[in-house]
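Undergrad: Quick one, run_17.txt (compact mmCIF, N, CA and C atoms):
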```
# COMPACT_ATOMS: atom_id res chain seq x y z
N MET A 1 7.16 98.54 124.57
CA MET A 1 7.39 98.17 123.19
C MET A 1 6.68 96.86 122.88
N HIS A 2 5.81 96.93 121.92
CA HIS A 2 5.07 95.76 121.47
C HIS A 2 6.02 94.71 120.89
N GLU A 3 7.08 95.16 120.23
CA GLU A 3 8.03 94.25 119.60
C GLU A 3 8.65 93.29 120.61
N LEU A 4 8.98 93.79 121.79
CA LEU A 4 9.62 92.93 122.80
C LEU A 4 8.69 91.84 123.30
N SER A 5 7.42 92.16 123.47
CA SER A 5 6.48 91.13 123.93
C SER A 5 6.27 90.07 122.84
N VAL A 6 6.29 90.48 121.59
CA VAL A 6 6.17 89.52 120.48
C VAL A 6 7.39 88.62 120.45
N LEU A 7 8.57 89.21 120.58
CA LEU A 7 9.80 88.41 120.58
C LEU A 7 9.87 87.47 121.77
N GLN A 8 9.39 87.91 122.92
CA GLN A 8 9.39 87.04 124.09
C GLN A 8 8.49 85.83 123.86
N ALA A 9 7.37 86.04 123.20
CA ALA A 9 6.47 84.92 122.88
C ALA A 9 7.16 83.94 121.93
N VAL A 10 7.93 84.46 120.97
CA VAL A 10 8.69 83.59 120.07
C VAL A 10 9.73 82.81 120.86
N LEU A 11 10.45 83.49 121.74
CA LEU A 11 11.46 82.81 122.57
C LEU A 11 10.84 81.72 123.43
N ASP A 12 9.68 81.99 123.96
CA ASP A 12 8.99 81.00 124.81
C ASP A 12 8.62 79.75 124.02
N GLU A 13 8.42 79.88 122.72
CA GLU A 13 8.04 78.75 121.88
C GLU A 13 9.25 77.92 121.43
N LEU A 14 10.43 78.51 121.39
CA LEU A 14 11.60 77.83 120.84
C LEU A 14 11.94 76.50 121.50
N PRO A 15 11.86 76.36 122.82
CA PRO A 15 12.19 75.05 123.41
C PRO A 15 11.30 73.91 122.88
N HIS A 16 10.11 74.24 122.42
CA HIS A 16 9.20 73.23 121.88
C HIS A 16 9.51 72.90 120.42
N GLN A 17 10.31 73.74 119.76
CA GLN A 17 10.57 73.57 118.34
C GLN A 17 11.98 73.07 118.02
N ILE A 18 12.92 73.29 118.93
CA ILE A 18 14.32 72.93 118.68
C ILE A 18 14.62 71.60 119.35
N PRO A 19 15.18 70.64 118.60
CA PRO A 19 15.51 69.35 119.20
C PRO A 19 16.51 69.51 120.35
N GLU A 20 16.41 68.62 121.31
CA GLU A 20 17.30 68.67 122.47
C GLU A 20 18.75 68.63 122.01
N GLY A 21 19.56 69.52 122.54
CA GLY A 21 20.96 69.61 122.17
C GLY A 21 21.22 70.47 120.95
N GLY A 22 20.17 70.88 120.26
CA GLY A 22 20.33 71.69 119.07
C GLY A 22 20.68 73.13 119.42
N GLU A 23 21.46 73.76 118.56
CA GLU A 23 21.87 75.15 118.76
C GLU A 23 21.26 76.01 117.65
N LEU A 24 20.48 76.98 118.05
CA LEU A 24 19.82 77.86 117.09
C LEU A 24 20.84 78.75 116.40
N ARG A 25 20.85 78.71 115.07
CA ARG A 25 21.73 79.56 114.27
C ARG A 25 20.95 80.74 113.67
N ARG A 26 19.77 80.42 113.13
CA ARG A 26 18.99 81.46 112.47
C ARG A 26 17.51 81.16 112.64
N LEU A 27 16.75 82.21 112.87
CA LEU A 27 15.30 82.13 113.01
C LEU A 27 14.71 83.07 111.97
N GLU A 28 13.77 82.59 111.18
CA GLU A 28 13.15 83.41 110.15
C GLU A 28 11.69 83.65 110.49
N LEU A 29 11.32 84.92 110.53
CA LEU A 29 9.94 85.31 110.82
C LEU A 29 9.33 85.99 109.60
N ARG A 30 8.08 85.70 109.37
CA ARG A 30 7.28 86.38 108.34
C ARG A 30 6.32 87.28 109.10
N VAL A 31 6.46 88.59 108.92
CA VAL A 31 5.68 89.56 109.69
C VAL A 31 4.81 90.39 108.74
N GLY A 32 3.52 90.36 108.96
CA GLY A 32 2.60 91.16 108.16
C GLY A 32 2.72 92.64 108.49
N ALA A 33 2.66 93.47 107.47
CA ALA A 33 2.77 94.92 107.67
C ALA A 33 1.67 95.46 108.58
N LEU A 34 0.52 94.77 108.64
CA LEU A 34 -0.57 95.21 109.51
C LEU A 34 -0.22 95.09 111.00
N GLU A 35 0.82 94.35 111.31
CA GLU A 35 1.23 94.18 112.72
C GLU A 35 1.94 95.42 113.25
N HIS A 36 2.39 96.29 112.37
CA HIS A 36 3.06 97.53 112.76
C HIS A 36 4.26 97.26 113.67
N LEU A 37 5.06 96.26 113.30
CA LEU A 37 6.27 95.93 114.06
C LEU A 37 7.48 96.52 113.35
N ASP A 38 8.32 97.20 114.09
CA ASP A 38 9.51 97.84 113.55
C ASP A 38 10.65 96.82 113.50
N SER A 39 11.14 96.54 112.30
CA SER A 39 12.19 95.53 112.12
C SER A 39 13.47 95.87 112.87
N GLN A 40 13.85 97.14 112.89
CA GLN A 40 15.07 97.54 113.60
C GLN A 40 14.91 97.34 115.10
N VAL A 41 13.76 97.68 115.63
CA VAL A 41 13.50 97.48 117.06
C VAL A 41 13.52 95.99 117.37
N MET A 42 12.97 95.19 116.46
CA MET A 42 12.97 93.74 116.67
C MET A 42 14.39 93.18 116.65
N GLN A 43 15.22 93.66 115.75
CA GLN A 43 16.62 93.20 115.71
C GLN A 43 17.34 93.53 117.01
N SER A 44 17.20 94.76 117.45
CA SER A 44 17.83 95.18 118.71
C SER A 44 17.26 94.40 119.89
N GLY A 45 15.95 94.22 119.88
CA GLY A 45 15.29 93.49 120.95
C GLY A 45 15.73 92.03 121.00
N TRP A 46 15.91 91.43 119.82
CA TRP A 46 16.37 90.04 119.77
C TRP A 46 17.75 89.91 120.42
N ALA A 47 18.65 90.82 120.07
CA ALA A 47 20.00 90.79 120.65
C ALA A 47 19.93 90.95 122.16
N ALA A 48 19.08 91.85 122.63
CA ALA A 48 18.98 92.10 124.08
C ALA A 48 18.33 90.92 124.81
N LEU A 49 17.25 90.38 124.26
CA LEU A 49 16.53 89.30 124.93
C LEU A 49 17.30 87.98 124.93
N THR A 50 18.13 87.77 123.91
CA THR A 50 18.87 86.50 123.84
C THR A 50 20.24 86.57 124.51
N GLN A 51 20.67 87.77 124.85
CA GLN A 51 21.99 87.93 125.50
C GLN A 51 22.04 87.09 126.78
N GLY A 52 23.09 86.29 126.90
CA GLY A 52 23.26 85.46 128.08
C GLY A 52 22.41 84.19 128.08
N THR A 53 21.72 83.92 126.96
CA THR A 53 20.91 82.70 126.86
C THR A 53 21.56 81.76 125.85
N LYS A 54 21.02 80.57 125.72
CA LYS A 54 21.55 79.63 124.73
C LYS A 54 21.25 80.07 123.30
N TYR A 55 20.43 81.10 123.13
CA TYR A 55 20.11 81.61 121.80
C TYR A 55 20.97 82.82 121.42
N ALA A 56 21.86 83.24 122.31
CA ALA A 56 22.74 84.38 122.04
C ALA A 56 23.54 84.12 120.77
N GLY A 57 23.67 85.14 119.95
CA GLY A 57 24.43 85.02 118.72
C GLY A 57 23.64 84.48 117.54
N SER A 58 22.41 84.06 117.77
CA SER A 58 21.59 83.58 116.66
C SER A 58 21.11 84.77 115.83
N GLU A 59 20.89 84.51 114.57
CA GLU A 59 20.47 85.55 113.63
C GLU A 59 18.95 85.57 113.52
N LEU A 60 18.39 86.75 113.56
CA LEU A 60 16.96 86.94 113.35
C LEU A 60 16.76 87.53 111.96
N VAL A 61 16.02 86.82 111.12
CA VAL A 61 15.72 87.28 109.77
C VAL A 61 14.23 87.59 109.72
N ILE A 62 13.90 88.82 109.32
CA ILE A 62 12.51 89.26 109.29
C ILE A 62 12.12 89.57 107.85
N ARG A 63 11.05 88.96 107.41
CA ARG A 63 10.49 89.25 106.09
C ARG A 63 9.15 89.94 106.30
N VAL A 64 9.09 91.22 105.95
CA VAL A 64 7.85 91.97 106.10
C VAL A 64 7.00 91.74 104.85
N VAL A 65 5.76 91.32 105.09
CA VAL A 65 4.84 91.02 103.99
C VAL A 65 3.88 92.19 103.81
N PRO A 66 3.83 92.76 102.61
CA PRO A 66 2.93 93.88 102.37
C PRO A 66 1.46 93.46 102.48
N VAL A 67 0.64 94.45 102.77
CA VAL A 67 -0.79 94.20 102.91
C VAL A 67 -1.43 94.10 101.52
N ARG A 68 -2.29 93.11 101.38
CA ARG A 68 -3.09 92.94 100.16
C ARG A 68 -4.50 92.66 100.62
N VAL A 69 -5.45 93.42 100.08
CA VAL A 69 -6.85 93.27 100.49
C VAL A 69 -7.77 93.16 99.28
N ARG A 70 -8.97 92.68 99.55
CA ARG A 70 -10.03 92.63 98.55
C ARG A 70 -11.21 93.38 99.13
N CYS A 71 -11.77 94.27 98.35
CA CYS A 71 -12.96 94.99 98.77
C CYS A 71 -14.14 94.03 98.73
N ARG A 72 -14.86 93.93 99.83
CA ARG A 72 -16.02 93.03 99.89
C ARG A 72 -17.22 93.61 99.14
N SER A 73 -17.16 94.90 98.84
CA SER A 73 -18.27 95.52 98.11
C SER A 73 -18.14 95.34 96.61
N CYS A 74 -16.96 95.66 96.07
CA CYS A 74 -16.80 95.62 94.61
C CYS A 74 -15.83 94.53 94.13
N GLU A 75 -15.21 93.80 95.07
CA GLU A 75 -14.30 92.68 94.76
C GLU A 75 -12.93 93.10 94.22
N ARG A 76 -12.61 94.37 94.22
CA ARG A 76 -11.30 94.81 93.73
C ARG A 76 -10.22 94.38 94.72
N GLU A 77 -9.13 93.82 94.21
CA GLU A 77 -7.96 93.52 95.03
C GLU A 77 -6.97 94.65 94.87
N TYR A 78 -6.37 95.07 95.99
CA TYR A 78 -5.42 96.17 95.93
C TYR A 78 -4.47 96.11 97.12
N ARG A 79 -3.38 96.86 96.98
CA ARG A 79 -2.41 97.05 98.06
C ARG A 79 -2.53 98.51 98.51
N PRO A 80 -2.98 98.73 99.73
CA PRO A 80 -3.16 100.11 100.19
C PRO A 80 -1.83 100.84 100.36
N ASP A 81 -1.84 102.14 100.06
CA ASP A 81 -0.64 102.96 100.28
C ASP A 81 -0.39 103.15 101.76
N ASP A 82 -1.45 103.27 102.52
CA ASP A 82 -1.38 103.46 103.97
C ASP A 82 -2.16 102.33 104.63
N VAL A 83 -1.46 101.46 105.36
CA VAL A 83 -2.13 100.28 105.94
C VAL A 83 -3.09 100.63 107.06
N SER A 84 -3.08 101.87 107.51
CA SER A 84 -4.04 102.26 108.55
C SER A 84 -5.36 102.74 107.95
N ILE A 85 -5.38 102.91 106.61
CA ILE A 85 -6.60 103.34 105.93
C ILE A 85 -6.88 102.35 104.81
N LEU A 86 -7.83 101.46 105.05
CA LEU A 86 -8.14 100.41 104.07
C LEU A 86 -9.43 100.74 103.32
N ILE A 87 -9.38 101.84 102.57
CA ILE A 87 -10.52 102.29 101.78
C ILE A 87 -10.28 101.91 100.32
N CYS A 88 -11.26 101.28 99.72
CA CYS A 88 -11.14 100.83 98.34
C CYS A 88 -10.92 102.02 97.40
N PRO A 89 -9.90 101.94 96.54
CA PRO A 89 -9.65 103.04 95.61
C PRO A 89 -10.70 103.12 94.49
N ASP A 90 -11.48 102.05 94.28
CA ASP A 90 -12.51 102.07 93.24
C ASP A 90 -13.84 102.59 93.74
N CYS A 91 -14.38 101.93 94.79
CA CYS A 91 -15.74 102.28 95.23
C CYS A 91 -15.75 103.19 96.47
N GLY A 92 -14.61 103.37 97.11
CA GLY A 92 -14.52 104.27 98.26
C GLY A 92 -15.05 103.70 99.56
N ARG A 93 -15.39 102.44 99.58
CA ARG A 93 -15.90 101.83 100.82
C ARG A 93 -14.76 101.23 101.64
N ALA A 94 -15.00 101.18 102.93
CA ALA A 94 -14.02 100.59 103.85
C ALA A 94 -14.58 99.26 104.36
N TYR A 95 -14.59 98.28 103.47
CA TYR A 95 -15.12 96.97 103.81
C TYR A 95 -14.14 95.91 103.28
N PRO A 96 -12.89 95.92 103.82
CA PRO A 96 -11.85 95.06 103.26
C PRO A 96 -11.83 93.65 103.84
N GLU A 97 -11.38 92.75 103.01
CA GLU A 97 -11.02 91.39 103.44
C GLU A 97 -9.50 91.32 103.28
N VAL A 98 -8.79 91.11 104.37
CA VAL A 98 -7.33 91.06 104.31
C VAL A 98 -6.92 89.71 103.73
N LEU A 99 -6.18 89.75 102.62
CA LEU A 99 -5.71 88.53 101.95
C LEU A 99 -4.30 88.17 102.37
N ASP A 100 -3.49 89.18 102.65
CA ASP A 100 -2.10 88.95 103.05
C ASP A 100 -1.60 90.17 103.80
N GLY A 101 -0.58 89.96 104.61
CA GLY A 101 0.03 91.07 105.32
C GLY A 101 -0.40 91.22 106.76
N ALA A 102 -1.05 90.19 107.30
CA ALA A 102 -1.44 90.20 108.71
C ALA A 102 -0.76 89.02 109.41
N GLY A 103 -0.52 89.18 110.69
CA GLY A 103 0.00 88.08 111.49
C GLY A 103 1.50 87.95 111.47
N LEU A 104 1.96 87.02 112.27
CA LEU A 104 3.38 86.72 112.40
C LEU A 104 3.52 85.20 112.34
N VAL A 105 4.42 84.73 111.48
CA VAL A 105 4.61 83.30 111.30
C VAL A 105 6.07 82.96 111.51
N LEU A 106 6.33 81.95 112.32
CA LEU A 106 7.67 81.39 112.45
C LEU A 106 7.90 80.58 111.19
N GLN A 107 8.66 81.14 110.26
CA GLN A 107 8.83 80.56 108.93
C GLN A 107 9.82 79.40 108.93
N ALA A 108 10.97 79.58 109.60
CA ALA A 108 12.00 78.53 109.59
C ALA A 108 12.96 78.70 110.75
N LEU A 109 13.51 77.58 111.17
CA LEU A 109 14.58 77.55 112.17
C LEU A 109 15.76 76.82 111.54
N HIS A 110 16.94 77.36 111.74
CA HIS A 110 18.16 76.70 111.28
C HIS A 110 18.94 76.35 112.54
N VAL A 111 19.14 75.05 112.74
CA VAL A 111 19.69 74.54 113.99
C VAL A 111 20.90 73.67 113.70
N THR A 112 21.95 73.82 114.51
CA THR A 112 23.12 72.96 114.42
C THR A 112 23.01 71.90 115.50
N MET A 113 23.18 70.65 115.09
CA MET A 113 23.17 69.54 116.02
C MET A 113 24.62 69.16 116.33
N PRO A 114 25.02 69.12 117.61
CA PRO A 114 26.42 68.90 117.97
C PRO A 114 26.99 67.56 117.49
N ASP A 115 26.22 66.51 117.55
CA ASP A 115 26.74 65.20 117.16
C ASP A 115 26.89 65.05 115.65
N GLU A 116 26.18 65.86 114.91
CA GLU A 116 26.23 65.78 113.45
C GLU A 116 27.14 66.85 112.86
N ASN A 117 27.44 67.89 113.65
CA ASN A 117 28.27 69.02 113.21
C ASN A 117 27.79 69.59 111.87
N ARG A 118 26.50 69.68 111.74
CA ARG A 118 25.92 70.27 110.53
C ARG A 118 24.66 71.05 110.91
N THR A 119 24.28 71.91 110.03
CA THR A 119 23.10 72.73 110.27
C THR A 119 21.91 72.11 109.54
N THR A 120 20.80 72.02 110.24
CA THR A 120 19.57 71.54 109.62
C THR A 120 18.55 72.66 109.66
N GLY A 121 17.66 72.63 108.72
CA GLY A 121 16.60 73.64 108.69
C GLY A 121 15.25 73.01 108.91
N GLN A 122 14.40 73.73 109.56
CA GLN A 122 13.03 73.28 109.76
C GLN A 122 12.13 74.41 109.30
N SER A 123 11.32 74.13 108.30
CA SER A 123 10.40 75.14 107.80
C SER A 123 9.02 74.86 108.35
N PHE A 124 8.24 75.89 108.44
CA PHE A 124 6.90 75.79 108.99
C PHE A 124 5.91 76.21 107.93
N ALA A 125 4.76 75.57 107.94
CA ALA A 125 3.71 75.90 106.98
C ALA A 125 3.13 77.26 107.30
N GLY A 126 2.59 77.86 106.30
CA GLY A 126 1.92 79.15 106.50
C GLY A 126 2.64 80.24 105.77
N GLY A 127 1.88 80.97 105.00
CA GLY A 127 2.30 82.16 104.33
C GLY A 127 3.56 82.08 103.62
```
Here is the file; what I need is its structure written in the form of structure tokens.
TA:
Amino acid sequence: MHELSVLQAVLDELPHQIPEGGELRRLELRVGALEHLDSQVMQSGWAALTQGTKYAGSELVIRVVPVRVRCRSCEREYRPDDVSILICPDCGRAYPEVLDGAGLVLQALHVTMPDENRTTGQSFAGG
């Protein structure tokens, strides 16, 4: 499952993003539709991968971003019905520039700090 390897990479990054002593409450991911990641599989995978870790019980929020492209031949911007076929509906060419809907971005972390007994959020730039 591709989803599990993606989630493991996210987990590997968390110690670098969460302040020492902080407890992860919620993690927000922005996932482009071109990544072909199944949100349900990711939710189940998150629960399985975090079980027995300090991240157990944290919430994973996934925002899937639809694909938006511009045809490099005729400059038309469009959202394809099928992300596996990026053929321009105007000129019929397959020469797209992806404008949105690709990649995975760690959008925000919501962390509780024990000494403050409050939740803080950290947002990340991008998309």
Undergrad: Which one of A:Glu28, A:Asp115, A:Glu20, A:Glu75 sits closest to Arg63 in chain A if you count only C-alpha atoms?
TA: A:Glu28
Undergrad: Which polymer residues, whether protein, DNA or RNA, lie within 7 Å of the coordinate (12.9, 81.3, 113.3) when you count only N, CA and C atoms? List them as a VMD selection string, using the chain letters and numbers from the file.
TA: chain A and resid 26 to 29 60 to 61 106 to 110
Undergrad: Quick one: pick out all strand (DSSP E) residues within chain A from a backbone DSSP run and write them as a ChimeraX atom specification.
TA: /A:23-32,59-65,68-71,77-78,96-100,104-113,118-123
Undergrad: So the first atom is CA of Met42 in chain A and the second is CA of Gly22 in chain A; what is the distance between them in Å, to one decimal place?
TA: 23.4 Å
Undergrad: Quote the spacing between CA of Gly32 in chain A and CA of Glu97 in chain A in Å to one decimal place.
TA: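 Between CA of Gly32 in chain A and CA of Glu97 in chain A the gap works out to 14.4 Å.
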Undergrad: If you run DSSP on this backbone, which residues of chain A come out as alpha helix (DSSP H), and could you give them as a list in words?
TA: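 Secondary structure check on chain A, alpha helix (DSSP H): His2, Glu3, Leu4, Ser5, Val6, Leu7, Gln8, Ala9, Val10, Leu11, Asp12, Glu13, Leu14, Pro15, His16, Gln17, Ser39, Gln40, Val41, Met42, Gln43, Ser44, Gly45, Trp46, Ala47, Ala48, Leu49 and Thr50 of chain A.
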Undergrad: Box for range 95-110 of chain A: with edges along x, y and z, all listed atoms inside and 3 Å added on each side, what are the centre and edge lengths in Å to one decimal, as lines of an AutoDock Vina configuration file?
TA:
```
center_x = 1.9
center_y = 87.3
center_z = 107.2
size_x = 40.1
size_y = 27.9
size_z = 16.6
```
Undergrad: By how many Å are CA of Pro89 in chain A and CA of Pro66 in chain A apart?
TA: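 Those two atoms sit 17.0 Å apart.
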Undergrad: Extract, using only C-alpha atoms, all DNA, RNA and protein residues at most 12 Å from Ala48 in chain A, discarding same-chain residues fewer than 5 positions from it, and format them as a PyMOL selection string.
TA: chain A and resi 4+7-8+41-43+53+55-58
Undergrad: Restricting the calculation to only N, CA and C atoms, which member of A:His36, A:Ser84, A:Val31, A:Gly92 is positioned closest to Ile62 in chain A?
TA: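 Ranking A:His36, A:Ser84, A:Val31, A:Gly92 by distance to Ile62 in chain A, first place goes to A:Val31.
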Undergrad: Would you please work out which residue, of A:Thr50, A:Val98, A:Glu35, A:Ser44, is nearest to Asp12 in chain A when using only C-alpha atoms?
TA: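 Nearest candidate to Asp12 in chain A out of A:Thr50, A:Val98, A:Glu35, A:Ser44: A:Thr50.
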Undergrad: Can you work out which one of A:Leu14, A:Leu24, A:Val69, A:Val6 has the shortest atom-to-atom distance to Val111 in chain A, counting only C-alpha atoms?
TA: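 Ranked by minimum distance to Val111 in chain A, first place goes to A:Leu24.
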Undergrad: So, with all atoms listed in the file as the atoms that count, which of A:Ala9, A:Val105, A:Ala33, A:Ile18 lies closest to Val65 in chain A?
TA: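 Of the candidates, the smallest distance to Val65 in chain A is held by A:Ala33.
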Undergrad: Residues within 6 Å of Tyr95 in chain A, please, as a PDB file with N, CA and C atoms, in the frame of the given file. Count all atoms listed in the file; anything in the same chain fewer than 6 positions from it doesn't count.
TA:
```
ATOM      1  N   ARG A  70      -8.970  92.680  99.550  1.00  0.00           N
ATOM      2  CA  ARG A  70     -10.030  92.630  98.550  1.00  0.00           C
ATOM      3  C   ARG A  70     -11.210  93.380  99.130  1.00  0.00           C
ATOM      4  N   CYS A  71     -11.770  94.270  98.350  1.00  0.00           N
ATOM      5  CA  CYS A  71     -12.960  94.990  98.770  1.00  0.00           C
ATOM      6  C   CYS A  71     -14.140  94.030  98.730  1.00  0.00           C
ATOM      7  N   ARG A  72     -14.860  93.930  99.830  1.00  0.00           N
ATOM      8  CA  ARG A  72     -16.020  93.030  99.890  1.00  0.00           C
ATOM      9  C   ARG A  72     -17.220  93.610  99.140  1.00  0.00           C
ATOM     10  N   SER A  73     -17.160  94.900  98.840  1.00  0.00           N
ATOM     11  CA  SER A  73     -18.270  95.520  98.110  1.00  0.00           C
ATOM     12  C   SER A  73     -18.140  95.340  96.610  1.00  0.00           C
ATOM     13  N   LEU A  86      -7.830 101.460 105.050  1.00  0.00           N
ATOM     14  CA  LEU A  86      -8.140 100.410 104.070  1.00  0.00           C
ATOM     15  C   LEU A  86      -9.430 100.740 103.320  1.00  0.00           C
ATOM     16  N   ILE A  87      -9.380 101.840 102.570  1.00  0.00           N
ATOM     17  CA  ILE A  87     -10.520 102.290 101.780  1.00  0.00           C
ATOM     18  C   ILE A  87     -10.280 101.910 100.320  1.00  0.00           C
ATOM     19  N   CYS A  88     -11.260 101.280  99.720  1.00  0.00           N
ATOM     20  CA  CYS A  88     -11.140 100.830  98.340  1.00  0.00           C
ATOM     21  C   CYS A  88     -10.920 102.020  97.400  1.00  0.00           C
TER      22      CYS A  88
END
```
Undergrad: Identify which of the residues A:Asp38, A:Pro15, A:Glu23, A:Pro114 lies closest to Glu59 in chain A, counting only C-alpha atoms when measuring atom-to-atom distances.
TA: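 With only C-alpha atoms as the atom set, the closest residue is A:Glu23.
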